[in-house]
file work.json (JSON, C-alpha atoms)
[["chain", "number", "residue", "atom", "x", "y", "z"],
["A", 26, "GLY", "CA", -15.54, 4.30, 11.58],
["A", 27, "ALA", "CA", -13.10, 7.15, 11.16],
["A", 28, "GLY", "CA", -10.40, 5.03, 9.57],
["A", 29, "VAL", "CA", -9.57, 1.50, 8.47],
["A", 30, "SER", "CA", -9.28, -0.74, 11.51],
["A", 31, "GLN", "CA", -7.27, -3.98, 11.55],
["A", 32, "THR", "CA", -7.14, -6.61, 14.27],
["A", 33, "PRO", "CA", -5.08, -8.07, 15.76],
["A", 34, "SER", "CA", -2.18, -5.62, 15.46],
["A", 35, "ASN", "CA", 0.23, -8.44, 16.22],
["A", 36, "LYS", "CA", -0.19, -12.21, 15.92],
["A", 37, "VAL", "CA", 2.39, -14.83, 16.80],
["A", 38, "THR", "CA", 1.56, -18.40, 15.86],
["A", 39, "GLU", "CA", 3.23, -21.72, 15.32],
["A", 40, "LYS", "CA", 3.89, -23.35, 11.99],
["A", 41, "GLY", "CA", 0.88, -25.32, 10.79],
["A", 42, "LYS", "CA", -1.73, -23.32, 12.71],
["A", 43, "TYR", "CA", -4.75, -21.48, 11.29],
["A", 44, "VAL", "CA", -4.91, -17.68, 11.45],
["A", 45, "GLU", "CA", -7.62, -15.08, 10.82],
["A", 46, "LEU", "CA", -6.93, -11.39, 10.30],
["A", 47, "ARG", "CA", -9.79, -8.89, 10.36],
["A", 48, "CYS", "CA", -10.30, -5.62, 8.51],
["A", 49, "ASP", "CA", -13.04, -3.07, 9.19],
["A", 50, "PRO", "CA", -13.06, -0.51, 6.34],
["A", 51, "ILE", "CA", -14.10, 3.12, 6.39],
["A", 52, "SER", "CA", -17.88, 3.33, 6.61],
["A", 53, "GLY", "CA", -19.45, 3.48, 3.16],
["A", 54, "HIS", "CA", -16.35, 2.30, 1.29],
["A", 55, "THR", "CA", -17.38, -0.49, -1.03],
["A", 56, "ALA", "CA", -13.90, -1.36, -2.30],
["A", 57, "LEU", "CA", -11.56, -3.29, 0.00],
["A", 58, "TYR", "CA", -8.00, -4.51, -0.64],
["A", 59, "TRP", "CA", -5.58, -6.82, 1.13],
["A", 60, "TYR", "CA", -1.83, -6.44, 0.70],
["A", 61, "ARG", "CA", 1.16, -8.28, 2.17],
["A", 62, "GLN", "CA", 4.43, -6.55, 2.97],
["A", 63, "SER", "CA", 7.66, -8.33, 3.79],
["A", 64, "LEU", "CA", 10.42, -6.49, 5.65],
["A", 65, "GLY", "CA", 12.16, -3.96, 3.44],
["A", 66, "GLN", "CA", 9.79, -4.51, 0.52],
["A", 67, "GLY", "CA", 6.84, -2.66, -0.93],
["A", 68, "PRO", "CA", 3.32, -4.02, -0.32],
["A", 69, "GLU", "CA", 2.18, -6.77, -2.70],
["A", 70, "PHE", "CA", -1.43, -7.12, -3.81],
["A", 71, "LEU", "CA", -3.38, -10.12, -2.55],
["A", 72, "ILE", "CA", -7.09, -9.60, -3.22],
["A", 73, "TYR", "CA", -9.65, -6.91, -4.06],
["A", 74, "PHE", "CA", -13.35, -6.88, -3.10],
["A", 75, "GLN", "CA", -16.05, -4.75, -4.65],
["A", 76, "GLY", "CA", -18.98, -5.18, -2.30],
["A", 77, "THR", "CA", -19.32, -8.78, -1.18],
["A", 78, "GLY", "CA", -17.57, -10.40, -4.12],
["A", 79, "ALA", "CA", -13.88, -10.90, -4.78],
["A", 80, "ALA", "CA", -13.38, -8.93, -7.99],
["A", 81, "ASP", "CA", -9.71, -9.91, -8.27],
["A", 82, "ASP", "CA", -8.02, -12.64, -6.21],
["A", 83, "SER", "CA", -5.07, -13.13, -8.55],
["A", 84, "GLY", "CA", -2.56, -12.04, -5.89],
["A", 85, "LEU", "CA", -3.32, -14.85, -3.42],
["A", 86, "PRO", "CA", -0.11, -16.92, -3.36],
["A", 87, "ASN", "CA", -1.72, -20.36, -2.99],
["A", 88, "ASP", "CA", -4.85, -22.15, -1.81],
["A", 89, "ARG", "CA", -3.87, -21.79, 1.86],
["A", 90, "PHE", "CA", -4.95, -18.16, 1.62],
["A", 91, "PHE", "CA", -8.62, -17.21, 1.48],
["A", 92, "ALA", "CA", -10.57, -14.02, 2.18],
["A", 93, "VAL", "CA", -14.26, -13.28, 2.69],
["A", 94, "ARG", "CA", -16.45, -10.24, 2.97],
["A", 95, "PRO", "CA", -19.92, -11.69, 3.54],
["A", 96, "GLU", "CA", -21.88, -8.49, 4.17],
["A", 97, "GLY", "CA", -19.85, -6.09, 2.06],
["A", 98, "SER", "CA", -18.20, -4.40, 5.04],
["A", 99, "VAL", "CA", -15.82, -6.29, 7.37],
["A", 100, "SER", "CA", -13.39, -8.66, 5.67],
["A", 101, "THR", "CA", -11.43, -11.59, 7.09],
["A", 102, "LEU", "CA", -8.20, -12.93, 5.61],
["A", 103, "LYS", "CA", -7.77, -16.60, 6.48],
["A", 104, "ILE", "CA", -4.48, -18.49, 6.32],
["A", 105, "GLN", "CA", -4.44, -22.26, 6.76],
["A", 106, "ARG", "CA", -1.44, -24.40, 7.71],
["A", 107, "THR", "CA", 0.76, -21.37, 8.24],
["A", 108, "GLU", "CA", 4.39, -21.50, 7.14],
["A", 109, "ARG", "CA", 7.35, -19.42, 8.31],
["A", 110, "GLY", "CA", 7.37, -17.69, 4.93],
["A", 111, "ASP", "CA", 3.90, -16.28, 5.69],
["A", 112, "SER", "CA", 5.48, -13.98, 8.30],
["A", 113, "ALA", "CA", 4.81, -10.43, 7.12],
["A", 114, "MET", "CA", 2.74, -7.31, 7.68],
["A", 115, "TYR", "CA", -0.76, -7.73, 6.27],
["A", 116, "LEU", "CA", -2.29, -4.44, 5.22],
["A", 117, "CYS", "CA", -5.91, -3.65, 4.45],
["A", 118, "ALA", "CA", -7.15, -0.64, 2.49],
["A", 119, "SER", "CA", -10.52, 0.70, 1.43],
["A", 120, "SER", "CA", -11.74, 3.22, -1.08],
["A", 121, "SER", "CA", -14.94, 4.75, -2.31],
["A", 122, "PRO", "CA", -15.42, 4.27, -6.07],
["A", 123, "THR", "CA", -17.94, 7.10, -6.08],
["A", 124, "SER", "CA", -15.35, 9.61, -4.86],
["A", 125, "GLY", "CA", -13.85, 9.77, -8.34],
["A", 126, "THR", "CA", -10.27, 9.97, -7.09],
["A", 127, "GLY", "CA", -9.62, 6.28, -6.50],
["A", 128, "GLU", "CA", -7.65, 7.13, -3.37],
["A", 129, "LEU", "CA", -6.88, 4.19, -1.06],
["A", 130, "PHE", "CA", -6.82, 4.53, 2.72],
["A", 131, "PHE", "CA", -4.78, 1.99, 4.67],
["A", 132, "GLY", "CA", -5.06, 0.58, 8.17],
["A", 133, "GLU", "CA", -2.21, 0.12, 10.62],
["A", 134, "GLY", "CA", -1.70, -3.48, 9.56],
["A", 135, "SER", "CA", -1.53, -6.85, 11.28],
["A", 136, "ARG", "CA", 1.98, -8.13, 11.91],
["A", 137, "LEU", "CA", 2.02, -11.94, 11.58],
["A", 138, "THR", "CA", 4.94, -13.96, 12.90],
["A", 139, "VAL", "CA", 5.02, -17.70, 12.27],
["A", 140, "LEU", "CA", 7.50, -19.55, 14.50],
["B", 26, "LYS", "CA", 2.65, -6.13, -16.03],
["B", 27, "GLN", "CA", 3.18, -2.83, -14.26],
["B", 28, "GLU", "CA", 6.53, -2.41, -12.48],
["B", 29, "VAL", "CA", 7.40, 0.48, -10.18],
["B", 30, "THR", "CA", 10.96, 1.45, -9.26],
["B", 31, "GLN", "CA", 12.05, 3.93, -6.62],
["B", 32, "ILE", "CA", 15.45, 5.55, -6.49],
["B", 33, "PRO", "CA", 17.35, 5.92, -4.24],
["B", 34, "ALA", "CA", 16.60, 3.00, -1.91],
["B", 35, "ALA", "CA", 17.94, 4.99, 1.03],
["B", 36, "LEU", "CA", 18.82, 8.63, 1.57],
["B", 37, "SER", "CA", 20.39, 10.45, 4.52],
["B", 38, "VAL", "CA", 20.40, 14.25, 4.61],
["B", 39, "PRO", "CA", 21.05, 17.01, 7.16],
["B", 40, "GLU", "CA", 18.08, 18.90, 8.54],
["B", 41, "GLY", "CA", 16.92, 21.83, 6.39],
["B", 42, "GLU", "CA", 17.94, 20.35, 3.06],
["B", 43, "ASN", "CA", 15.54, 20.19, 0.11],
["B", 44, "LEU", "CA", 15.34, 16.73, -1.44],
["B", 45, "VAL", "CA", 13.80, 14.78, -4.30],
["B", 46, "LEU", "CA", 12.61, 11.20, -4.32],
["B", 47, "ASN", "CA", 12.15, 9.47, -7.66],
["B", 48, "CYS", "CA", 9.59, 6.97, -8.89],
["B", 49, "SER", "CA", 9.34, 5.37, -12.33],
["B", 50, "PHE", "CA", 6.74, 3.01, -13.78],
["B", 51, "THR", "CA", 6.72, 0.89, -16.91],
["B", 52, "ASP", "CA", 3.09, 1.17, -18.09],
["B", 53, "SER", "CA", 1.93, 4.74, -18.66],
["B", 54, "ALA", "CA", -1.76, 3.74, -18.78],
["B", 55, "ILE", "CA", -2.40, 4.67, -15.17],
["B", 56, "TYR", "CA", -5.49, 5.99, -13.41],
["B", 57, "ASN", "CA", -3.60, 7.79, -10.66],
["B", 58, "LEU", "CA", -0.38, 7.82, -8.66],
["B", 59, "GLN", "CA", -0.21, 7.99, -4.88],
["B", 60, "TRP", "CA", 2.69, 8.78, -2.54],
["B", 61, "PHE", "CA", 2.61, 7.26, 0.94],
["B", 62, "ARG", "CA", 4.65, 7.59, 4.11],
["B", 63, "GLN", "CA", 5.34, 4.58, 6.33],
["B", 64, "ASP", "CA", 6.86, 4.76, 9.79],
["B", 65, "PRO", "CA", 8.61, 1.62, 11.12],
["B", 66, "GLY", "CA", 6.14, -1.13, 11.96],
["B", 67, "LYS", "CA", 3.16, 1.03, 11.00],
["B", 68, "GLY", "CA", 0.61, 1.26, 8.23],
["B", 69, "LEU", "CA", 0.64, 3.60, 5.23],
["B", 70, "THR", "CA", -0.33, 7.26, 5.41],
["B", 71, "SER", "CA", -1.42, 8.87, 2.15],
["B", 72, "LEU", "CA", 0.54, 12.04, 1.37],
["B", 73, "LEU", "CA", -0.47, 13.08, -2.13],
["B", 74, "LEU", "CA", -2.56, 11.69, -4.96],
["B", 75, "ILE", "CA", -2.14, 12.80, -8.57],
["B", 76, "GLN", "CA", -4.78, 11.92, -11.14],
["B", 77, "SER", "CA", -3.52, 10.84, -14.58],
["B", 78, "SER", "CA", -4.73, 14.14, -16.07],
["B", 79, "GLN", "CA", -2.80, 16.23, -13.53],
["B", 80, "ARG", "CA", 0.83, 17.36, -13.55],
["B", 81, "GLU", "CA", 1.41, 18.03, -9.88],
["B", 82, "GLN", "CA", -0.06, 18.25, -6.40],
["B", 83, "THR", "CA", 1.12, 20.20, -3.37],
["B", 84, "SER", "CA", 0.54, 19.82, 0.34],
["B", 85, "GLY", "CA", 2.54, 21.99, 2.71],
["B", 86, "ARG", "CA", 6.25, 21.28, 2.20],
["B", 87, "LEU", "CA", 5.50, 18.42, -0.19],
["B", 88, "ASN", "CA", 5.15, 18.65, -3.95],
["B", 89, "ALA", "CA", 4.59, 15.68, -6.22],
["B", 90, "SER", "CA", 4.86, 15.83, -9.99],
["B", 91, "LEU", "CA", 3.76, 13.39, -12.65],
["B", 92, "ASP", "CA", 5.03, 12.92, -16.20],
["B", 93, "LYS", "CA", 2.85, 10.10, -17.44],
["B", 94, "SER", "CA", 4.34, 9.89, -20.92],
["B", 95, "SER", "CA", 7.82, 9.23, -19.56],
["B", 96, "GLY", "CA", 6.58, 7.08, -16.67],
["B", 97, "ARG", "CA", 8.04, 9.24, -13.92],
["B", 98, "SER", "CA", 7.01, 10.96, -10.72],
["B", 99, "THR", "CA", 9.00, 12.92, -8.19],
["B", 100, "LEU", "CA", 8.28, 13.82, -4.59],
["B", 101, "TYR", "CA", 9.93, 17.06, -3.52],
["B", 102, "ILE", "CA", 10.34, 17.74, 0.20],
["B", 103, "ALA", "CA", 11.30, 21.28, 1.13],
["B", 104, "ALA", "CA", 13.23, 22.24, 4.26],
["B", 105, "SER", "CA", 13.44, 18.68, 5.57],
["B", 106, "GLN", "CA", 12.97, 18.00, 9.30],
["B", 107, "PRO", "CA", 13.94, 15.02, 11.51],
["B", 108, "GLY", "CA", 10.22, 14.20, 11.74],
["B", 109, "ASP", "CA", 10.23, 13.53, 8.00],
["B", 110, "SER", "CA", 12.35, 10.42, 8.61],
["B", 111, "ALA", "CA", 10.34, 7.47, 7.30],
["B", 112, "THR", "CA", 9.97, 5.23, 4.26],
["B", 113, "TYR", "CA", 8.27, 6.86, 1.29],
["B", 114, "LEU", "CA", 6.35, 4.61, -1.09],
["B", 115, "CYS", "CA", 5.12, 5.37, -4.57],
["B", 116, "ALA", "CA", 2.16, 3.43, -5.99],
["B", 117, "VAL", "CA", 0.30, 3.54, -9.30],
["B", 118, "LYS", "CA", -3.27, 2.49, -9.92],
["B", 119, "GLY", "CA", -4.27, 0.93, -13.19],
["B", 120, "PHE", "CA", -7.58, 0.76, -14.93],
["B", 121, "ARG", "CA", -10.01, -1.99, -14.01],
["B", 122, "GLU", "CA", -9.76, -3.57, -17.45],
["B", 123, "THR", "CA", -6.04, -4.13, -17.15],
["B", 124, "SER", "CA", -5.21, -4.61, -13.51],
["B", 125, "GLY", "CA", -8.39, -4.78, -11.46],
["B", 126, "SER", "CA", -7.95, -1.32, -9.94],
["B", 127, "ARG", "CA", -5.10, -2.52, -7.76],
["B", 128, "LEU", "CA", -2.19, -0.36, -6.61],
["B", 129, "THR", "CA", 1.28, -1.48, -7.66],
["B", 130, "PHE", "CA", 3.98, -0.32, -5.25],
["B", 131, "GLY", "CA", 7.64, 0.44, -5.50],
["B", 132, "GLU", "CA", 9.99, -0.82, -2.81],
["B", 133, "GLY", "CA", 10.27, 2.57, -1.17],
["B", 134, "THR", "CA", 12.92, 5.10, -0.28],
["B", 135, "GLN", "CA", 14.07, 5.07, 3.33],
["B", 136, "LEU", "CA", 14.72, 8.68, 4.33],
["B", 137, "THR", "CA", 16.74, 9.77, 7.35],
["B", 138, "VAL", "CA", 16.93, 13.46, 8.23],
["B", 139, "ASN", "CA", 19.72, 14.16, 10.71],
["B", 140, "PRO", "CA", 19.38, 16.98, 13.26]]
call {"tool": "encode", "arguments": {"input": "work.json", "output": "structure tokens"}}
result
Amino acid sequence: GAGVSQTPSNKVTEKGKYVELRCDPISGHTALYWYRQSLGQGPEFLIYFQGTGAADDSGLPNDRFFAVRPEGSVSTLKIQRTERGDSAMYLCASSSPTSGTGELFFGEGSRLTVL
Amino acid sequence: KQEVTQIPAALSVPEGENLVLNCSFTDSAIYNLQWFRQDPGKGLTSLLLIQSSQREQTSGRLNASLDKSSGRSTLYIAASQPGDSATYLCAVKGFRETSGSRLTFGEGTQLTVNP
């Protein structure tokens, strides 16, 4: 597609529920990143995929968070047993390692609210 | 561990003024530095990217400089307009060996340009 697409744009859920957030990167971009941004803060790194594999998942806060990218394109961030502290904007970005610049392109984000 | 600091946290200026936003980082071994704009509740829009070998980049009324040895970057906005009101984020990208190609963000400068 023309840009990074994230769905849903807004998600409201109850504490303890399971949530999935989807990211569709720019076509041909093999690198994909997930970030989390709390209100008034800068984005914090969660996980980085190169192709289908998670090259760096050191930013995932705990084992309730998991992400997959089974075919090397679309990625899903999964959050189990959601807590109120998980409320944040979840941002996805992609880049093309072959471009040489390393520039990241971000989507519009998914706003998660846990009641 | 890379740390990025942005000063000031907030800035309010009258329309037409030239202004400078500051970004500093602790580890000078960076691959590139990117400046982003973020409107309230939205995703990140890339403004300028400076490679580690470059000193500055320009786009329209925006000019970003990089002094890697001192760990500093500035974003200069000429003839500011109310439409420039947004949060400006600075982010540095490390090398794969040290930080998995992730971007490390500052907390942003919230800019308000008054008509």
call {"tool": "closest_residue", "arguments": {"input": "work.json", "among": "A:Gly67, A:Pro33, A:Gly97, A:Gly110", "to": "B:Leu69", "atoms": "all atoms listed in the file"}}
result
A:Gly67
call {"tool": "atom_distance", "arguments": {"input": "work.json", "atom1": "atom CA of B:Thr129", "atom2": "atom CA of B:Asp52"}}
result
10.9 Å
call {"tool": "closest_residue", "arguments": {"input": "work.json", "among": "A:Ala27, A:Val37, A:Ile51, A:Leu64", "to": "chain B", "atoms": "all atoms listed in the file"}}
result
A:Leu64
call {"tool": "closest_residue", "arguments": {"input": "work.json", "among": "A:Val139, A:Val29, A:Leu46, A:Ile104", "to": "chain B", "atoms": "only C-alpha atoms"}}
result
A:Val29
call {"tool": "closest_residue", "arguments": {"input": "work.json", "among": "B:Gly66, B:Pro39, B:Pro107, B:Pro140", "to": "chain A", "atoms": "all atoms listed in the file"}}
result
B:Gly66
call {"tool": "interface_residues", "arguments": {"input": "work.json", "of": "chain A", "to": "chain B", "cutoff": "10 Å", "atoms": "all atoms listed in the file", "output": "PyMOL selection string"}}
result
chain A and resi 34+56+58-60+62+64-74+80-83+114-118+125-136
call {"tool": "residues_around", "arguments": {"input": "work.json", "residues": "B:Ala89", "least_positions_apart": "5", "cutoff": "12 Å", "atoms": "all atoms listed in the file", "output": "ChimeraX atom specification"}}
result
/B:44-48,58-61,72-76,79-84,97-103,115
call {"tool": "atom_distance", "arguments": {"input": "work.json", "atom1": "atom CA of B:Ala54", "atom2": "atom CA of B:Ser90"}}
result
16.3 Å
call {"tool": "atom_distance", "arguments": {"input": "work.json", "atom1": "atom CA of B:Val138", "atom2": "atom CA of B:Glu40"}}
result
5.6 Å
call {"tool": "residues_around", "arguments": {"input": "work.json", "residues": "A:Val93", "least_positions_apart": "2", "cutoff": "9 Å", "atoms": "all atoms listed in the file", "output": "ChimeraX atom specification"}}
result
/A:74,77-79,91,95,99-103
call {"tool": "residues_near_point", "arguments": {"input": "work.json", "point": "(0.8, -23.1, 8.5)", "cutoff": "7 Å", "atoms": "all atoms listed in the file", "output": "list in words"}}
result
Lys40, Gly41, Lys42, Tyr43, Gln105, Arg106, Thr107 and Glu108 of chain A
call {"tool": "closest_residue", "arguments": {"input": "work.json", "among": "A:Ser124, A:Arg89, A:Asp111, A:Ser98", "to": "A:Ser52", "atoms": "all atoms listed in the file"}}
result
A:Ser98
call {"tool": "closest_residue", "arguments": {"input": "work.json", "among": "A:Arg61, A:Arg47, A:His54, A:Arg109", "to": "A:Ser121", "atoms": "only C-alpha atoms"}}
result
A:His54
call {"tool": "decode", "arguments": {"input": "work.json", "residues": "stretch 102-113 of chain A", "atoms": "all heavy atoms", "output": "short mmCIF file (atom, residue, chain, number, x, y, z; two decimals), in the first residue's frame"}}
result
data_model
loop_
_atom_site.label_atom_id
_atom_site.label_comp_id
_atom_site.auth_asym_id
_atom_site.auth_seq_id
_atom_site.Cartn_x
_atom_site.Cartn_y
_atom_site.Cartn_z
N LEU A 102 0.17 -7.48 16.82
CA LEU A 102 0.62 -7.36 18.21
C LEU A 102 -0.52 -7.88 19.09
O LEU A 102 -1.66 -7.44 18.97
CB LEU A 102 0.93 -5.92 18.56
CG LEU A 102 1.39 -5.63 20.00
CD1 LEU A 102 2.73 -6.30 20.29
CD2 LEU A 102 1.48 -4.12 20.25
N LYS A 103 -0.19 -8.84 19.95
CA LYS A 103 -1.21 -9.49 20.77
C LYS A 103 -0.94 -9.18 22.25
O LYS A 103 0.20 -9.32 22.71
CB LYS A 103 -1.17 -11.00 20.54
CG LYS A 103 -1.27 -11.37 19.07
CD LYS A 103 -1.25 -12.88 18.85
CE LYS A 103 -1.35 -13.20 17.36
NZ LYS A 103 -1.68 -14.60 17.11
N ILE A 104 -1.97 -8.78 22.94
CA ILE A 104 -1.84 -8.47 24.37
C ILE A 104 -2.86 -9.32 25.13
O ILE A 104 -4.07 -9.21 24.91
CB ILE A 104 -2.08 -6.98 24.66
CG1 ILE A 104 -1.23 -6.10 23.73
CG2 ILE A 104 -1.73 -6.67 26.12
CD1 ILE A 104 -1.51 -4.62 23.84
N GLN A 105 -2.36 -10.14 26.04
CA GLN A 105 -3.24 -11.00 26.84
C GLN A 105 -3.50 -10.36 28.19
O GLN A 105 -2.68 -9.57 28.70
CB GLN A 105 -2.57 -12.36 27.06
CG GLN A 105 -2.30 -13.13 25.79
CD GLN A 105 -1.59 -14.45 26.05
OE1 GLN A 105 -0.70 -14.52 26.90
NE2 GLN A 105 -1.95 -15.48 25.33
N ARG A 106 -4.65 -10.66 28.77
CA ARG A 106 -4.99 -10.23 30.14
C ARG A 106 -4.65 -8.76 30.32
O ARG A 106 -3.88 -8.37 31.19
CB ARG A 106 -4.25 -11.09 31.16
CG ARG A 106 -4.48 -12.59 30.99
CD ARG A 106 -3.79 -13.39 32.07
NE ARG A 106 -2.35 -13.15 32.14
CZ ARG A 106 -1.45 -13.69 31.32
NH1 ARG A 106 -1.85 -14.51 30.35
NH2 ARG A 106 -0.16 -13.42 31.46
N THR A 107 -5.26 -7.93 29.48
CA THR A 107 -4.92 -6.50 29.48
C THR A 107 -5.09 -5.87 30.86
O THR A 107 -5.97 -6.24 31.65
CB THR A 107 -5.78 -5.73 28.47
OG1 THR A 107 -7.17 -6.04 28.70
CG2 THR A 107 -5.40 -6.07 27.06
N GLU A 108 -4.21 -4.90 31.11
CA GLU A 108 -4.24 -4.13 32.36
C GLU A 108 -4.41 -2.65 32.02
O GLU A 108 -4.12 -2.23 30.90
CB GLU A 108 -2.93 -4.34 33.14
CG GLU A 108 -2.68 -5.78 33.52
CD GLU A 108 -1.36 -5.98 34.22
OE1 GLU A 108 -0.59 -5.00 34.36
OE2 GLU A 108 -1.08 -7.12 34.63
N ARG A 109 -4.88 -1.86 32.98
CA ARG A 109 -5.11 -0.44 32.73
C ARG A 109 -3.82 0.25 32.29
O ARG A 109 -3.83 1.18 31.48
CB ARG A 109 -5.71 0.22 33.95
CG ARG A 109 -7.10 -0.27 34.24
CD ARG A 109 -7.86 0.62 35.22
NE ARG A 109 -9.21 0.09 35.41
CZ ARG A 109 -9.53 -0.84 36.30
NH1 ARG A 109 -8.61 -1.35 37.09
NH2 ARG A 109 -10.77 -1.29 36.40
N GLY A 110 -2.70 -0.20 32.78
CA GLY A 110 -1.41 0.37 32.41
C GLY A 110 -1.00 0.11 30.97
O GLY A 110 -0.03 0.71 30.49
N ASP A 111 -1.73 -0.78 30.28
CA ASP A 111 -1.45 -1.04 28.86
C ASP A 111 -2.05 0.03 27.98
O ASP A 111 -1.76 0.08 26.77
CB ASP A 111 -2.02 -2.40 28.44
CG ASP A 111 -1.40 -3.56 29.20
OD1 ASP A 111 -0.26 -3.42 29.70
OD2 ASP A 111 -2.07 -4.61 29.32
N SER A 112 -2.89 0.91 28.54
CA SER A 112 -3.52 1.97 27.76
C SER A 112 -2.43 2.88 27.19
O SER A 112 -1.59 3.41 27.93
CB SER A 112 -4.47 2.79 28.63
OG SER A 112 -5.55 1.99 29.08
N ALA A 113 -2.43 3.04 25.86
CA ALA A 113 -1.40 3.82 25.18
C ALA A 113 -1.72 3.86 23.70
O ALA A 113 -2.66 3.20 23.24
CB ALA A 113 -0.02 3.20 25.39
#
